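Chemist: Compact mmCIF, C-alpha atoms, file upload_27.txt:
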```txt
# COMPACT_ATOMS: atom_id res chain seq x y z
CA MET L 1 99.44 83.85 132.92
CA ASP L 2 100.01 80.16 133.36
CA TRP L 3 102.64 78.36 131.27
CA LEU L 4 100.20 76.97 128.73
CA GLN L 5 98.71 80.38 127.97
CA LEU L 6 102.14 81.98 127.73
CA VAL L 7 103.53 79.39 125.32
CA VAL L 8 100.43 79.17 123.12
CA LEU L 9 99.95 82.93 122.73
CA ALA L 10 103.64 83.61 122.05
CA LEU L 11 103.75 80.89 119.39
CA ILE L 12 100.49 82.09 117.82
CA GLN L 13 101.84 85.64 117.56
CA GLY L 14 105.13 84.48 116.07
CA LEU L 15 103.57 82.11 113.55
CA THR L 16 100.59 84.17 112.42
CA GLU L 17 102.16 87.64 112.25
CA PHE L 18 103.69 86.91 108.85
CA LEU L 19 101.58 84.10 107.37
CA PRO L 20 98.51 85.22 105.38
CA ILE L 21 96.10 83.64 107.88
CA SER L 22 95.20 86.50 110.30
CA SER L 23 96.75 86.74 113.75
CA SER L 24 93.60 88.36 115.22
CA ALA L 25 91.48 85.38 114.16
CA HIS L 26 93.85 83.05 115.99
CA LEU L 27 94.17 85.16 119.12
CA ILE L 28 90.40 85.21 119.62
CA LEU L 29 90.11 81.39 119.63
CA PRO L 30 92.01 80.61 122.88
CA SER L 31 90.08 83.22 124.86
CA GLN L 32 86.73 81.98 123.53
CA VAL L 33 87.41 78.25 123.78
CA LEU L 34 89.51 78.19 126.94
CA GLY L 35 88.27 81.34 128.66
CA TRP L 36 91.74 82.77 129.13
CA PRO L 37 92.07 86.29 130.58
CA ASP L 38 93.72 89.13 128.68
CA GLN L 39 97.47 88.56 128.52
CA GLY L 40 98.32 92.15 129.39
CA LEU L 41 100.13 95.00 127.67
CA ALA L 42 103.65 93.99 128.72
CA PHE L 43 103.26 90.61 127.04
CA ASP L 44 101.89 92.26 123.87
CA VAL L 45 104.96 94.50 123.70
CA ALA L 46 107.28 91.54 124.28
CA VAL L 47 105.88 89.38 121.48
CA HIS L 48 105.92 92.35 119.10
CA VAL L 49 109.60 92.86 119.90
CA GLY L 50 110.22 89.16 119.24
CA THR L 51 108.54 89.18 115.81
CA LEU L 52 110.26 92.46 114.88
CA ALA L 53 113.67 91.02 115.73
CA ALA L 54 112.93 87.96 113.58
CA VAL L 55 111.92 89.82 110.43
CA MET L 56 114.82 92.25 110.78
CA LEU L 57 117.25 89.35 111.12
CA VAL L 58 115.94 87.61 108.00
CA PHE L 59 115.96 90.81 105.95
CA ARG L 60 119.07 92.37 107.49
CA ARG L 61 120.86 92.69 104.13
CA ASP L 62 117.84 94.33 102.50
CA ILE L 63 117.49 96.71 105.45
CA VAL L 64 121.15 97.73 105.35
CA ALA L 65 121.00 98.25 101.56
CA ILE L 66 117.79 100.27 101.78
CA LEU L 67 118.99 102.49 104.63
CA SER L 68 122.43 103.10 103.15
CA GLY L 69 120.94 103.82 99.73
CA TRP L 70 118.20 106.05 101.13
CA PHE L 71 120.49 108.17 103.32
CA GLY L 72 123.16 108.11 100.61
CA GLN L 73 120.84 110.09 98.33
CA PHE L 74 121.28 113.14 100.53
CA ALA L 75 125.08 113.13 100.28
CA GLY L 76 127.17 114.39 97.39
CA THR L 77 126.29 116.71 94.55
CA GLY L 78 123.71 116.71 91.82
CA SER L 79 119.97 116.21 92.00
CA LEU L 80 118.30 113.74 94.34
CA ALA L 81 117.00 111.80 91.34
CA SER L 82 120.51 111.37 89.94
CA ARG L 83 121.62 109.66 93.14
CA GLN L 84 118.63 107.32 93.22
CA THR L 85 119.41 103.60 93.43
CA GLU L 86 117.18 100.54 93.34
CA SER L 87 117.57 100.15 97.11
CA SER L 88 116.84 103.81 97.90
CA TRP L 89 113.79 103.68 95.61
CA LEU L 90 112.53 100.62 97.47
CA GLY L 91 112.94 102.55 100.71
CA TRP L 92 110.74 105.35 99.35
CA MET L 93 108.16 102.78 98.25
CA VAL L 94 108.05 101.20 101.71
CA LEU L 95 107.52 104.63 103.28
CA LEU L 96 104.77 105.50 100.80
CA ALA L 97 102.97 102.18 101.26
CA THR L 98 103.11 102.60 105.06
CA LEU L 99 101.36 105.99 105.11
CA PRO L 100 97.74 104.85 104.45
CA ALA L 101 97.72 102.43 107.39
CA VAL L 102 99.20 105.10 109.68
CA ILE L 103 96.66 107.73 108.56
CA PHE L 104 93.60 105.48 108.63
CA GLY L 105 94.76 103.87 111.87
CA GLY L 106 94.97 107.27 113.53
CA LEU L 107 91.54 108.30 112.24
CA PHE L 108 89.56 105.13 112.83
CA ASN L 109 91.37 103.17 115.56
CA ASP L 110 88.77 103.90 118.24
CA LEU L 111 85.90 102.90 115.93
CA ILE L 112 87.64 99.67 114.97
CA GLU L 113 88.44 98.78 118.58
CA SER L 114 84.88 99.43 119.76
CA SER L 115 82.85 98.03 116.86
CA LEU L 116 84.83 95.62 114.69
CA ARG L 117 86.51 93.18 117.04
CA SER L 118 83.63 90.73 117.26
CA SER L 119 84.08 87.08 116.38
CA LEU L 120 81.47 87.45 113.61
CA VAL L 121 83.43 90.25 111.88
CA ILE L 122 86.68 88.28 112.20
CA ALA L 123 85.03 85.12 110.83
CA ILE L 124 83.63 86.95 107.79
CA THR L 125 86.85 88.81 106.97
CA THR L 126 88.90 85.64 107.41
CA ILE L 127 86.77 83.89 104.78
CA VAL L 128 86.24 86.80 102.36
CA PHE L 129 89.85 87.94 102.21
CA GLY L 130 91.00 84.33 102.06
CA LEU L 131 88.96 83.87 98.88
CA LEU L 132 90.36 87.14 97.51
CA LEU L 133 93.88 85.84 98.15
CA TRP L 134 93.06 82.66 96.20
CA TRP L 135 91.67 84.68 93.28
CA ALA L 136 94.71 87.00 93.20
CA ASP L 137 97.09 84.05 93.20
CA ALA L 138 95.15 82.31 90.44
CA GLN L 139 94.67 85.38 88.22
CA GLY L 140 97.87 87.35 88.79
CA SER L 141 100.40 87.34 85.96
CA ARG L 142 103.39 87.02 88.37
CA SER L 143 105.52 88.80 85.76
CA ARG L 144 106.91 91.66 87.88
CA ASP L 145 109.59 91.87 90.57
CA LEU L 146 110.50 94.60 93.07
CA ALA L 147 112.72 96.36 90.53
CA THR L 148 109.49 97.36 88.74
CA MET L 149 107.77 98.80 91.83
CA THR L 150 106.14 102.15 91.01
CA LEU L 151 104.57 104.94 93.05
CA LYS L 152 101.11 103.82 91.93
CA ALA L 153 101.74 100.18 92.84
CA ALA L 154 103.17 101.06 96.25
CA LEU L 155 100.22 103.34 97.03
CA ILE L 156 97.70 100.66 96.02
CA ILE L 157 99.43 98.07 98.21
CA GLY L 158 99.48 100.62 101.02
CA LEU L 159 95.74 101.26 100.68
CA PHE L 160 95.11 97.51 100.78
CA GLN L 161 97.29 97.32 103.89
CA ALA L 162 95.04 99.88 105.58
CA ILE L 163 92.14 97.42 105.18
CA ALA L 164 94.05 95.11 107.53
CA LEU L 165 93.04 97.43 110.36
CA ILE L 166 89.79 95.44 110.24
CA PRO L 167 90.43 92.35 112.42
CA GLY L 168 90.59 89.06 110.55
CA THR L 169 91.87 90.58 107.30
CA SER L 170 95.56 89.66 107.83
CA ARG L 171 98.11 92.37 107.10
CA SER L 172 100.46 90.01 105.28
CA GLY L 173 97.56 88.36 103.46
CA ILE L 174 96.05 91.58 102.10
CA THR L 175 99.38 93.11 101.03
CA ILE L 176 100.42 89.90 99.25
CA THR L 177 96.96 89.85 97.63
CA ALA L 178 97.39 93.41 96.36
CA ALA L 179 100.87 92.73 95.00
CA LEU L 180 99.70 89.57 93.21
CA LEU L 181 96.78 91.47 91.66
CA LEU L 182 99.28 94.04 90.38
CA GLY L 183 101.23 91.28 88.63
CA PHE L 184 104.15 90.78 91.04
CA ASP L 185 105.53 87.29 91.49
CA ARG L 186 104.90 85.46 94.75
CA LEU L 187 108.36 85.94 96.24
CA SER L 188 108.46 89.67 95.46
CA SER L 189 104.94 90.05 96.88
CA ALA L 190 105.96 88.34 100.11
CA ARG L 191 109.27 90.25 100.38
CA PHE L 192 107.54 93.61 100.02
CA SER L 193 104.89 92.56 102.53
CA PHE L 194 107.55 91.58 105.08
CA LEU L 195 109.50 94.81 104.54
CA LEU L 196 106.26 96.75 105.06
CA SER L 197 105.73 94.96 108.37
CA ILE L 198 108.86 96.47 109.91
CA PRO L 199 107.77 100.13 110.26
CA LEU L 200 104.27 99.06 111.33
CA ILE L 201 105.49 96.66 114.00
CA ILE L 202 107.87 99.38 115.25
CA ALA L 203 104.98 101.88 115.38
CA ALA L 204 102.61 99.43 117.09
CA GLY L 205 105.27 98.40 119.60
CA ALA L 206 106.10 102.04 120.35
CA LEU L 207 102.44 102.89 120.97
CA LYS L 208 101.98 99.90 123.24
CA GLY L 209 105.24 100.77 124.97
CA LEU L 210 103.99 104.29 125.71
CA GLU L 211 100.72 102.89 127.07
CA LEU L 212 102.71 100.49 129.22
CA ALA L 213 104.92 103.30 130.54
CA GLU L 214 101.84 105.30 131.52
CA SER L 215 99.86 102.46 133.07
CA GLY L 216 102.66 100.35 134.53
CA SER L 217 102.67 96.58 134.70
CA ASP L 218 102.96 93.82 137.27
CA ALA L 219 103.88 91.21 134.66
CA ALA L 220 106.63 88.80 135.69
CA VAL L 221 109.94 89.53 133.95
CA HIS L 222 110.47 85.89 133.03
CA ASP L 223 107.01 85.76 131.36
CA VAL L 224 107.90 88.75 129.22
CA LEU L 225 111.33 87.36 128.27
CA ILE L 226 109.99 83.90 127.45
CA GLY L 227 107.18 85.43 125.39
CA ALA L 228 109.63 87.53 123.39
CA GLY L 229 111.96 84.56 122.87
CA LEU L 230 109.25 82.15 121.76
CA SER L 231 107.67 84.64 119.36
CA PHE L 232 111.12 85.39 117.91
CA VAL L 233 111.91 81.72 117.24
CA ALA L 234 108.42 80.98 115.87
CA ALA L 235 108.50 84.01 113.55
CA LEU L 236 112.04 83.25 112.36
CA VAL L 237 111.20 79.65 111.44
CA CYS L 238 107.90 80.73 109.91
CA ILE L 239 109.41 83.40 107.63
CA LYS L 240 112.21 81.16 106.40
CA LEU L 241 109.93 78.19 105.66
CA PHE L 242 107.29 80.38 104.04
CA LEU L 243 109.74 82.05 101.66
CA ALA L 244 111.42 78.74 100.83
CA ALA L 245 108.15 76.95 100.01
CA LEU L 246 106.10 79.79 98.55
CA ASP L 247 106.71 79.24 94.84
CA ARG L 248 106.24 75.51 95.22
CA ILE L 249 102.99 75.46 97.20
CA GLY L 250 101.38 78.77 96.24
CA MET L 251 98.58 80.28 98.33
CA TRP L 252 95.98 77.53 98.27
CA PRO L 253 96.99 75.86 101.59
CA PHE L 254 96.56 79.18 103.40
CA VAL L 255 93.27 79.85 101.66
CA ALA L 256 91.93 76.42 102.62
CA TYR L 257 93.08 76.97 106.20
CA ARG L 258 91.41 80.39 106.33
CA LEU L 259 88.12 78.93 105.12
CA LEU L 260 88.29 76.24 107.80
CA LEU L 261 89.22 78.74 110.51
CA GLY L 262 86.47 81.15 109.44
CA GLY L 263 83.98 78.30 109.54
CA VAL L 264 85.03 77.38 113.08
CA LEU L 265 84.67 81.00 114.20
CA LEU L 266 81.20 81.20 112.63
CA TRP L 267 80.21 77.99 114.42
CA LEU L 268 81.48 79.40 117.73
CA TRP L 269 79.54 82.61 117.15
CA VAL L 270 76.31 80.74 116.40
CA ALA L 271 76.82 78.38 119.34
```
Show me, as structure tokens, the structure contained in the file I just sent.
Modeler:
Amino acid sequence: MDWLQLVVLALIQGLTEFLPISSSAHLILPSQVLGWPDQGLAFDVAVHVGTLAAVMLVFRRDIVAILSGWFGQFAGTGSLASRQTESSWLGWMVLLATLPAVIFGGLFNDLIESSLRSSLVIAITTIVFGLLLWWADAQGSRSRDLATMTLKAALIIGLFQAIALIPGTSRSGITITAALLLGFDRLSSARFSFLLSIPLIIAAGALKGLELAESGSDAAVHDVLIGAGLSFVAALVCIKLFLAALDRIGMWPFVAYRLLLGGVLLWLWVA
């Protein structure tokens, strides 16, 4: 990769992984417009590591509380339910909401990779799920927080997350949409979405890492390190700014951007 491709793709991954605007829609544009070659598996692993490090840094206190609460349930006497805490319950909810994407990903990954990665599919899903995000933000009661998360709510959000296997949907966008539709406030919706990203990014990075170990790579070490560093910084800034501005700006700027991006992709497909 040349320097321009390296910098642009690393920044795109870092910025779009957590915003509700679809990373797959953005990653298709440079290759179509500029004719760039595939960046390679080693680079994919590196930028995933960078974004994972960023979200774990921002939510480090939540992660520590969830893990200590979750493992703490299995120590001491009495029933498991009697040792349940808000943090350990949130850990169970994250696990439950992660399962649908893992199951459906395992069942339909080959079909998705072979049939649903066209620019037309990505353009349509970018627009349709952008409009759904706008409707959820406008109609949601925003009266619930994460303390009221239930098994049913977590499962519904998890099923919505599985839809994000279709390119252009946006994992963060669809999970925030689901949470808003269920009546959660914007910040709680975003927090749960970001916490859900951690096990999925770990799983995706592990799978890509295994593929890389089997196939090998001739990628330059400095390309990989720079890619990881840039995606980390971009994701860190993105998460912090998004959470700080979310209640003030709402979802409409991201919806408007998705409609514009989807329109550009449709134009490219027709042209």
Chemist: Point out the residue among L:Leu19, L:Ala206, L:Asp110, L:Val8 with the least atom-to-atom distance to L:Leu34, counting only C-alpha atoms.
Modeler: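 Selected residue with least distance to L:Leu34: L:Val8.
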Chemist: List as CSV every residue of stretch 80-171 of chain L that is in contact with stretch 249-270 of chain L, defined as an atom at most 6 Å from one of its atoms (using all atoms listed in the file), together with the nearest atom pair and the distance in Å rounded to one decimal, sorted by chain and then rising number.
Modeler:
```
residue,atom,partner,partner_atom,distance
L:Ala123,CA,L:Gly262,CA,4.4
L:Thr126,CA,L:Gly262,CA,5.5
L:Ile127,CA,L:Leu259,CA,5.2
L:Gly130,CA,L:Val255,CA,5.0
```
Chemist: Between L:Thr85, L:Pro199, L:Phe18, L:Ala42, which has the minimum distance to L:Leu99 (counting all atoms listed in the file)?
Modeler: L:Pro199
Chemist: Please indicate the distance in Å from atom CA of L:Glu214 to atom CA of L:Ser24, rounded to one decimal place.
Modeler: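 So the answer is 24.9 Å.
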Chemist: Skipping near chain neighbours, those fewer than 4 positions away, what residues fall within 7 Å of L:Arg142 using only C-alpha atoms, listed as a list of chain:residue names?
Modeler: L:Leu180, L:Gly183, L:Phe184, L:Asp185, L:Arg186
Chemist: Write out, as a tab-separated table (two decimals), in the coordinates of the input, the residues just selected, with C-alpha atoms.
Modeler:
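Output below, filename part_14.tsv:
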```
chain	number	residue	atom	x	y	z
L	180	LEU	CA	99.70	89.57	93.21
L	183	GLY	CA	101.23	91.28	88.63
L	184	PHE	CA	104.15	90.78	91.04
L	185	ASP	CA	105.53	87.29	91.49
L	186	ARG	CA	104.90	85.46	94.75
```
Chemist: Write out as a ChimeraX atom specification which residues come within 12 Å of stretch 223-226 of chain L when counting all atoms listed in the file, dropping same-chain ones fewer than 6 positions away.
Modeler: /L:1-11,39-50,217,232-233
Chemist: Neighbouring residues of L:Thr150 were defined as those with any atom within 12 Å, considering only C-alpha atoms; residues of the same chain fewer than 4 positions away were excluded. Please report them as a PDB file with C-alpha atoms, in the frame of the given file.
Modeler:
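Final output, around_9.pdb:
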```
ATOM      1  CA  GLU L  86     117.180 100.540  93.340  1.00  0.00           C
ATOM      2  CA  TRP L  89     113.790 103.680  95.610  1.00  0.00           C
ATOM      3  CA  LEU L  90     112.530 100.620  97.470  1.00  0.00           C
ATOM      4  CA  GLY L  91     112.940 102.550 100.710  1.00  0.00           C
ATOM      5  CA  TRP L  92     110.740 105.350  99.350  1.00  0.00           C
ATOM      6  CA  MET L  93     108.160 102.780  98.250  1.00  0.00           C
ATOM      7  CA  VAL L  94     108.050 101.200 101.710  1.00  0.00           C
ATOM      8  CA  LEU L  96     104.770 105.500 100.800  1.00  0.00           C
ATOM      9  CA  ALA L  97     102.970 102.180 101.260  1.00  0.00           C
ATOM     10  CA  ARG L 144     106.910  91.660  87.880  1.00  0.00           C
ATOM     11  CA  ASP L 145     109.590  91.870  90.570  1.00  0.00           C
ATOM     12  CA  LEU L 146     110.500  94.600  93.070  1.00  0.00           C
ATOM     13  CA  ALA L 154     103.170 101.060  96.250  1.00  0.00           C
ATOM     14  CA  LEU L 155     100.220 103.340  97.030  1.00  0.00           C
ATOM     15  CA  ILE L 156      97.700 100.660  96.020  1.00  0.00           C
ATOM     16  CA  ILE L 157      99.430  98.070  98.210  1.00  0.00           C
ATOM     17  CA  ALA L 179     100.870  92.730  95.000  1.00  0.00           C
ATOM     18  CA  LEU L 182      99.280  94.040  90.380  1.00  0.00           C
ATOM     19  CA  PHE L 184     104.150  90.780  91.040  1.00  0.00           C
TER      20      PHE L 184
END
```
Chemist: Find the residue from L:Ala147, L:Leu52, L:Ala25, L:Ile124 that sits nearest to L:Ala228; use only C-alpha atoms when measuring.
Modeler: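 Under the stated criterion, the closest residue is L:Leu52.
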Chemist: Interatomic distance between atom CA of L:Gln13 and atom CA of L:Thr51?
Modeler: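 About the pair atom CA of L:Gln13 and atom CA of L:Thr51: they are 7.8 Å apart.
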Chemist: Have a look at atom CA of L:Gly69 and atom CA of L:Ser188 and let me know their distance in Å, one decimal.
Modeler: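 Atom-to-atom, atom CA of L:Gly69 to atom CA of L:Ser188, that is 19.3 Å.
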Chemist: Restricting the calculation to all atoms listed in the file, which member of L:Thr169, L:Leu111, L:Ala178, L:Leu120 is positioned closest to L:Ala136?
Modeler: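 Looking only at the distances to L:Ala136, the closest residue turns out to be L:Ala178.
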Chemist: Between L:Val237, L:Leu210, L:Ile198, L:Ala204, single out the one closest to L:Arg60, counting only C-alpha atoms.
Modeler: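 Result for the nearest residue to L:Arg60: L:Ile198.
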Chemist: From the list L:Val102, L:Ala54, L:Ile28, L:Ala235, which residue is nearest L:Ile163 when using only C-alpha atoms?
Modeler: L:Val102
Chemist: Grab all the atoms of stretch 162-176 of chain L that the file lists, wrap them in a box along x, y and z, add 5 Å per side, and give me centre plus edge lengths in Å (one decimal) as AutoDock Vina command-line options.
Modeler:
```
--center_x 95.1 --center_y 94.1 --center_z 105.8 --size_x 20.7 --size_y 21.5 --size_z 23.2
```
